[in-house]
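Enquirer: Got a structure here, written out as structure tokens. Questions coming.
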Amino acid sequence: MTHHIPVDCWLTDMDGVLVHEEQALPGAADFIAALREHSMRFQVLTNNSIYTPRDLRVRLAAGGIDVPESAIWTSALATADFLRSQRDGGSAYVIGEAGLTTALHDVGYVLTDRDPDYVVLGETRTYSFEAITKAIRLVEAGARLIATNPDPTGPSSEGPLPATGAVAALITKAVGVEPYFVGKPNPLMMRSALNRIEAHSEHTVMVGDRMDTDIVSGLEAGLRTVLVLSGSTRADQVDRYPYRPTRVCDSIADVVPLVGELAEGSIQAAPGID
């Protein structure tokens, strides 16, 4: 990594970094406040495709975290952005909730079950077997299979829920077609977030809580990476991976002081992020 390159943009994961099951994590509000104070461009990323940015803004605000809608980048938005670039004005059969259907409507897609260009699979709390069966038949008839993210499960207060990756596997097993996953760890999600704020990878840091999604996709997109230990990956698991984060912190609270230091390109004050 080239030395003394100041950081002017940040990407951060949401779940496990800023919030945990709806509750704001200590330091999250201070981290966002520090980004704004230092005029940093930033995006909050989530693989969850259920909610629109407006919904997520309100949910974050309830925990005292002040993030504008324009700074929230979901796998649903990234999927819509990808489909518009691939086939502008196309059509899709969607299994998902408002986050995904709204994103596709906003880029001019027609939602239909009659000979769609794509079957788009996202997160939903209530997967309908009838809808999955329809998706299987449409893919068999030639529709291209896209999924917002590969996460096999998601958290809930009762325990894990089957998520997009698990349902995608069901469709793949039935019809023999692999989906294209747009969300993390696909670096496409990072690239589209960077483009959104006109950021350059060498001036940007990615903060995440998962080695196998956040850190690897940040690394593959050419970013410096910070792993926080407040979510999925535990300290004793970090060394098992064949790649390393630029830095490991206990929580987002420990990242707050780095914002100003890195803005000045001060690598002495922030060892390990050069």
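We label chains A, B, ... in the order they appear in the structure tokens, count residues from 1 in each chain, and number ligands from 1 in the order shown.
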Please provide the set of residues having any atom within 9 Å of segment 199-203 of chain A, restricted to only C-alpha atoms, with same-chain residues fewer than 6 positions apart removed, written as a count of residues only.

Expert: 16

Enquirer: Per DSSP on the backbone, what are the helix (DSSP H, G or I) residues of segment 13-163 of chain A, as a PyMOL selection string?

Expert: chain A and resi 28-37+53-62+69-71+75-86+98-106+129-140

Enquirer: Check the smallest atom-to-atom distance from each of A:Leu111, A:Leu161, A:Asn48, A:Glu37 to Ala263 of chain A using only C-alpha atoms, then report the winner.

Expert: A:Glu37

Enquirer: Between A:Asp66, A:Asp254, A:Glu261, A:Asp15, which is the closest to Ala33 of chain A once you count only C-alpha atoms?

Expert: A:Asp66

Enquirer: Between A:Leu170, A:Val248, A:Met189, A:Val17, which one has atoms that come closest to Thr148 of chain A, using only C-alpha atoms?

Expert: A:Met189

Enquirer: Go through A:Met206, A:Ala62, A:Leu219, A:Leu145 and flag the residue nearest Asp13 of chain A, using only C-alpha atoms for the distances.

Expert: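 Nearest candidate to Asp13 of chain A out of A:Met206, A:Ala62, A:Leu219, A:Leu145: A:Met206.
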
Enquirer: Between A:Thr164, A:Ser91, A:Thr12, A:Thr124, which has the minimum distance to Ala71 of chain A (counting only C-alpha atoms)?

Expert: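 Between A:Thr164, A:Ser91, A:Thr12, A:Thr124, the residue approaching Ala71 of chain A most closely is A:Thr12.
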
Enquirer: I'd like the contact shell of Phe129 of chain A - 12 Å cut-off, only C-alpha atoms, skipping same-chain residues fewer than 3 positions apart - returned as a count of residues only.

Expert: 10

Enquirer: Would you kindly return, as an mmCIF file with C-alpha atoms, in the first residue's frame, each protein, DNA or RNA residue with an atom no farther than 9 Å from any atom of Ala168 of chain A, considering only C-alpha atoms and excluding same-chain residues fewer than 2 positions away?

Expert:
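What ended up in selection_3.cif:
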data_model
loop_
_atom_site.group_PDB
_atom_site.id
_atom_site.type_symbol
_atom_site.label_atom_id
_atom_site.label_comp_id
_atom_site.auth_asym_id
_atom_site.auth_seq_id
_atom_site.Cartn_x
_atom_site.Cartn_y
_atom_site.Cartn_z
ATOM 1 C CA LEU A 121 -34.523 -13.395 -5.764
ATOM 2 C CA LEU A 145 -31.460 -16.067 -12.385
ATOM 3 C CA ILE A 146 -30.182 -13.173 -10.232
ATOM 4 C CA ALA A 147 -29.985 -13.110 -6.431
ATOM 5 C CA PRO A 150 -25.604 -15.222 -1.060
ATOM 6 C CA PRO A 152 -27.732 -18.585 3.617
ATOM 7 C CA ALA A 163 -32.287 -16.337 3.657
ATOM 8 C CA THR A 164 -31.626 -15.614 -0.027
ATOM 9 C CA GLY A 165 -28.678 -18.015 -0.403
ATOM 10 C CA ALA A 166 -30.683 -20.957 0.965
ATOM 11 C CA LEU A 170 -33.329 -24.721 -3.658
ATOM 12 C CA ILE A 171 -33.977 -23.190 -7.111
ATOM 13 C CA THR A 172 -30.532 -24.258 -8.347
ATOM 14 C CA LYS A 173 -31.092 -27.809 -7.134
ATOM 15 C CA GLU A 178 -26.640 -21.131 -10.750
ATOM 16 C CA PRO A 179 -27.682 -17.565 -9.834
#

Enquirer: For Gly218 of chain A, which residue out of A:Met190, A:Ile197, A:Val177, A:Val67 is the nearest one, using only C-alpha atoms?

Expert: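 The answer is A:Met190, which sits nearest to Gly218 of chain A.
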
Enquirer: As number ranges by chain, please: every residue in segment 137-187 of chain A that DSSP puts in strand (DSSP E).

Expert: A: 144-147, 153-154, 161-162, 180-181

Enquirer: Write the residues of the selection above to a file with C-alpha atoms, as a PDB file, in the first residue's frame.

Expert:
ATOM      1  CA  ARG A 144     -31.850 -15.478 -16.129  1.00  0.00           C
ATOM      2  CA  LEU A 145     -31.460 -16.067 -12.385  1.00  0.00           C
ATOM      3  CA  ILE A 146     -30.182 -13.173 -10.232  1.00  0.00           C
ATOM      4  CA  ALA A 147     -29.985 -13.110  -6.431  1.00  0.00           C
ATOM      5  CA  THR A 153     -29.308 -17.369   6.869  1.00  0.00           C
ATOM      6  CA  GLY A 154     -30.292 -14.152   8.560  1.00  0.00           C
ATOM      7  CA  LEU A 161     -33.941 -17.679   9.369  1.00  0.00           C
ATOM      8  CA  PRO A 162     -33.329 -19.197   5.926  1.00  0.00           C
ATOM      9  CA  TYR A 180     -25.508 -14.504 -10.228  1.00  0.00           C
ATOM     10  CA  PHE A 181     -25.157 -12.954  -6.757  1.00  0.00           C
TER      11      PHE A 181
END

Enquirer: For Gly108 of chain A, list every protein, DNA or RNA residue within 12 Å, evaluated using only C-alpha atoms, and leave out those in the same chain fewer than 3 positions away; present the list as a list in words.

Expert: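 So, after excluding close chain neighbours, the residues are Ala80, Asp81, Leu83, Arg84, Ser85, Arg87, Asp88, Gly89, Gly90, Ser91, Ala92, Thr101, Thr102, Ala103, Leu104, His105 and Leu111 of chain A.
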
Enquirer: Write out as a list in words each polymer residue whose atoms come within 9 Å of Ser49 of chain A, counting only C-alpha atoms; drop sequence neighbours fewer than 3 positions from it.

Expert: Thr46, Thr52, Thr74, Ser75, Ala76, Leu77, Gly96, Glu97, Ala98, Gly99, Leu100, Gly122, Glu123, Thr124, Thr148 and Asn149 of chain A

Enquirer: Pull C-alpha atoms from the residues just selected and write them as a PDB file, in the first residue's frame.

Expert:
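This is the output file selection_36.pdb:
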ATOM      1  CA  THR A  46     -26.138  -3.855   3.712  1.00  0.00           C
ATOM      2  CA  THR A  52     -35.737   0.791   1.196  1.00  0.00           C
ATOM      3  CA  THR A  74     -28.391  -1.982  -0.225  1.00  0.00           C
ATOM      4  CA  SER A  75     -27.962  -5.175  -2.238  1.00  0.00           C
ATOM      5  CA  ALA A  76     -31.411  -4.375  -3.712  1.00  0.00           C
ATOM      6  CA  LEU A  77     -30.161  -1.019  -5.052  1.00  0.00           C
ATOM      7  CA  GLY A  96     -38.735 -10.054  -2.351  1.00  0.00           C
ATOM      8  CA  GLU A  97     -40.091  -7.105  -0.428  1.00  0.00           C
ATOM      9  CA  ALA A  98     -40.411  -3.346  -0.870  1.00  0.00           C
ATOM     10  CA  GLY A  99     -36.647  -2.697  -0.845  1.00  0.00           C
ATOM     11  CA  LEU A 100     -36.227  -4.774  -3.992  1.00  0.00           C
ATOM     12  CA  GLY A 122     -34.169 -11.260  -2.644  1.00  0.00           C
ATOM     13  CA  GLU A 123     -34.755 -11.401   1.076  1.00  0.00           C
ATOM     14  CA  THR A 124     -38.245 -11.892   2.442  1.00  0.00           C
ATOM     15  CA  THR A 148     -29.386 -10.033  -4.304  1.00  0.00           C
ATOM     16  CA  ASN A 149     -26.941 -11.770  -1.945  1.00  0.00           C
TER      17      ASN A 149
END

Enquirer: Separation of atom CA of Pro26 of chain A and atom CA of Cys249 of chain A, in Å?

Expert: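 Computing it gives 13.2 Å between the two atoms.
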
Enquirer: Any idea what the distance is between atom CA of Arg36 of chain A and atom CA of Val226 of chain A?

Expert: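 These two atoms are separated by 19.0 Å.
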
Enquirer: Might you pull out every residue within 12 Å of Val238 of chain A, with only C-alpha atoms counted and same-chain residues fewer than 2 positions away left off, and present them as a list in words?

Expert: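 In the requested format, the answer is Asp209, Arg210, Met211, Asp212, Ile215, Val216, Val226, Leu227, Val228, Leu229, Ser232, Thr233, Arg234, Ala235, Asp236, Arg240, Tyr241, Pro242, Tyr243, Arg244, Pro245, Thr246, Arg247, Val248 and Cys249 of chain A.
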
Enquirer: Let me see the file: selected residues, N, CA and C atoms, as a PDB file, in the first residue's frame.

Expert:
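Full text of again.pdb as output:
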ATOM      1  N   ASP A 209     -17.741  -6.579   9.624  1.00  0.00           N
ATOM      2  CA  ASP A 209     -17.631  -7.519  10.745  1.00  0.00           C
ATOM      3  C   ASP A 209     -17.461  -8.959  10.281  1.00  0.00           C
ATOM      4  N   ARG A 210     -17.410  -9.167   8.955  1.00  0.00           N
ATOM      5  CA  ARG A 210     -17.284 -10.537   8.440  1.00  0.00           C
ATOM      6  C   ARG A 210     -16.079 -10.643   7.518  1.00  0.00           C
ATOM      7  N   MET A 211     -15.194 -11.560   7.841  1.00  0.00           N
ATOM      8  CA  MET A 211     -14.031 -11.793   6.993  1.00  0.00           C
ATOM      9  C   MET A 211     -14.439 -12.295   5.607  1.00  0.00           C
ATOM     10  N   ASP A 212     -15.484 -13.151   5.577  1.00  0.00           N
ATOM     11  CA  ASP A 212     -15.809 -13.846   4.318  1.00  0.00           C
ATOM     12  C   ASP A 212     -16.719 -13.052   3.385  1.00  0.00           C
ATOM     13  N   ILE A 215     -14.654  -8.127   4.359  1.00  0.00           N
ATOM     14  CA  ILE A 215     -13.203  -7.942   4.223  1.00  0.00           C
ATOM     15  C   ILE A 215     -12.707  -8.446   2.870  1.00  0.00           C
ATOM     16  N   VAL A 216     -13.192  -9.607   2.440  1.00  0.00           N
ATOM     17  CA  VAL A 216     -12.716 -10.133   1.155  1.00  0.00           C
ATOM     18  C   VAL A 216     -13.183  -9.263  -0.011  1.00  0.00           C
ATOM     19  N   VAL A 226     -10.939  -2.571   7.613  1.00  0.00           N
ATOM     20  CA  VAL A 226     -10.930  -2.656   9.075  1.00  0.00           C
ATOM     21  C   VAL A 226     -11.976  -3.681   9.478  1.00  0.00           C
ATOM     22  N   LEU A 227     -11.555  -4.704  10.207  1.00  0.00           N
ATOM     23  CA  LEU A 227     -12.488  -5.691  10.754  1.00  0.00           C
ATOM     24  C   LEU A 227     -12.828  -5.280  12.180  1.00  0.00           C
ATOM     25  N   VAL A 228     -14.135  -5.186  12.477  1.00  0.00           N
ATOM     26  CA  VAL A 228     -14.542  -4.976  13.867  1.00  0.00           C
ATOM     27  C   VAL A 228     -15.082  -6.295  14.411  1.00  0.00           C
ATOM     28  N   LEU A 229     -14.797  -6.547  15.680  1.00  0.00           N
ATOM     29  CA  LEU A 229     -15.113  -7.852  16.281  1.00  0.00           C
ATOM     30  C   LEU A 229     -16.463  -7.845  17.011  1.00  0.00           C
ATOM     31  N   SER A 232     -19.971 -10.910  13.276  1.00  0.00           N
ATOM     32  CA  SER A 232     -19.883 -12.335  12.951  1.00  0.00           C
ATOM     33  C   SER A 232     -18.531 -12.986  13.242  1.00  0.00           C
ATOM     34  N   THR A 233     -17.440 -12.344  12.810  1.00  0.00           N
ATOM     35  CA  THR A 233     -16.117 -12.977  12.918  1.00  0.00           C
ATOM     36  C   THR A 233     -15.501 -12.702  14.289  1.00  0.00           C
ATOM     37  N   ARG A 234     -15.072 -13.769  14.957  1.00  0.00           N
ATOM     38  CA  ARG A 234     -14.424 -13.634  16.273  1.00  0.00           C
ATOM     39  C   ARG A 234     -12.902 -13.485  16.105  1.00  0.00           C
ATOM     40  N   ALA A 235     -12.278 -12.952  17.134  1.00  0.00           N
ATOM     41  CA  ALA A 235     -10.826 -12.701  17.089  1.00  0.00           C
ATOM     42  C   ALA A 235     -10.039 -13.964  16.765  1.00  0.00           C
ATOM     43  N   ASP A 236     -10.466 -15.114  17.331  1.00  0.00           N
ATOM     44  CA  ASP A 236      -9.696 -16.349  17.127  1.00  0.00           C
ATOM     45  C   ASP A 236      -9.909 -16.955  15.734  1.00  0.00           C
ATOM     46  N   ARG A 240      -7.474 -17.802  10.468  1.00  0.00           N
ATOM     47  CA  ARG A 240      -7.818 -18.970   9.648  1.00  0.00           C
ATOM     48  C   ARG A 240      -7.943 -18.619   8.163  1.00  0.00           C
ATOM     49  N   TYR A 241      -8.141 -17.339   7.891  1.00  0.00           N
ATOM     50  CA  TYR A 241      -8.369 -16.931   6.501  1.00  0.00           C
ATOM     51  C   TYR A 241      -7.050 -16.698   5.777  1.00  0.00           C
ATOM     52  N   PRO A 242      -7.023 -16.936   4.460  1.00  0.00           N
ATOM     53  CA  PRO A 242      -5.778 -16.752   3.700  1.00  0.00           C
ATOM     54  C   PRO A 242      -5.495 -15.289   3.360  1.00  0.00           C
ATOM     55  N   TYR A 243      -6.349 -14.378   3.797  1.00  0.00           N
ATOM     56  CA  TYR A 243      -6.140 -12.944   3.576  1.00  0.00           C
ATOM     57  C   TYR A 243      -6.359 -12.266   4.929  1.00  0.00           C
ATOM     58  N   ARG A 244      -5.835 -11.051   5.041  1.00  0.00           N
ATOM     59  CA  ARG A 244      -5.912 -10.353   6.320  1.00  0.00           C
ATOM     60  C   ARG A 244      -6.538  -8.974   6.147  1.00  0.00           C
ATOM     61  N   PRO A 245      -7.263  -8.489   7.170  1.00  0.00           N
ATOM     62  CA  PRO A 245      -7.694  -7.087   7.125  1.00  0.00           C
ATOM     63  C   PRO A 245      -6.485  -6.192   7.357  1.00  0.00           C
ATOM     64  N   THR A 246      -6.564  -4.935   6.929  1.00  0.00           N
ATOM     65  CA  THR A 246      -5.470  -4.003   7.196  1.00  0.00           C
ATOM     66  C   THR A 246      -5.336  -3.785   8.696  1.00  0.00           C
ATOM     67  N   ARG A 247      -6.494  -3.817   9.375  1.00  0.00           N
ATOM     68  CA  ARG A 247      -6.467  -3.584  10.819  1.00  0.00           C
ATOM     69  C   ARG A 247      -7.669  -4.280  11.466  1.00  0.00           C
ATOM     70  N   VAL A 248      -7.509  -4.692  12.721  1.00  0.00           N
ATOM     71  CA  VAL A 248      -8.600  -5.295  13.490  1.00  0.00           C
ATOM     72  C   VAL A 248      -8.877  -4.402  14.698  1.00  0.00           C
ATOM     73  N   CYS A 249     -10.168  -4.060  14.903  1.00  0.00           N
ATOM     74  CA  CYS A 249     -10.582  -3.260  16.058  1.00  0.00           C
ATOM     75  C   CYS A 249     -11.679  -4.011  16.814  1.00  0.00           C
TER      76      CYS A 249
END
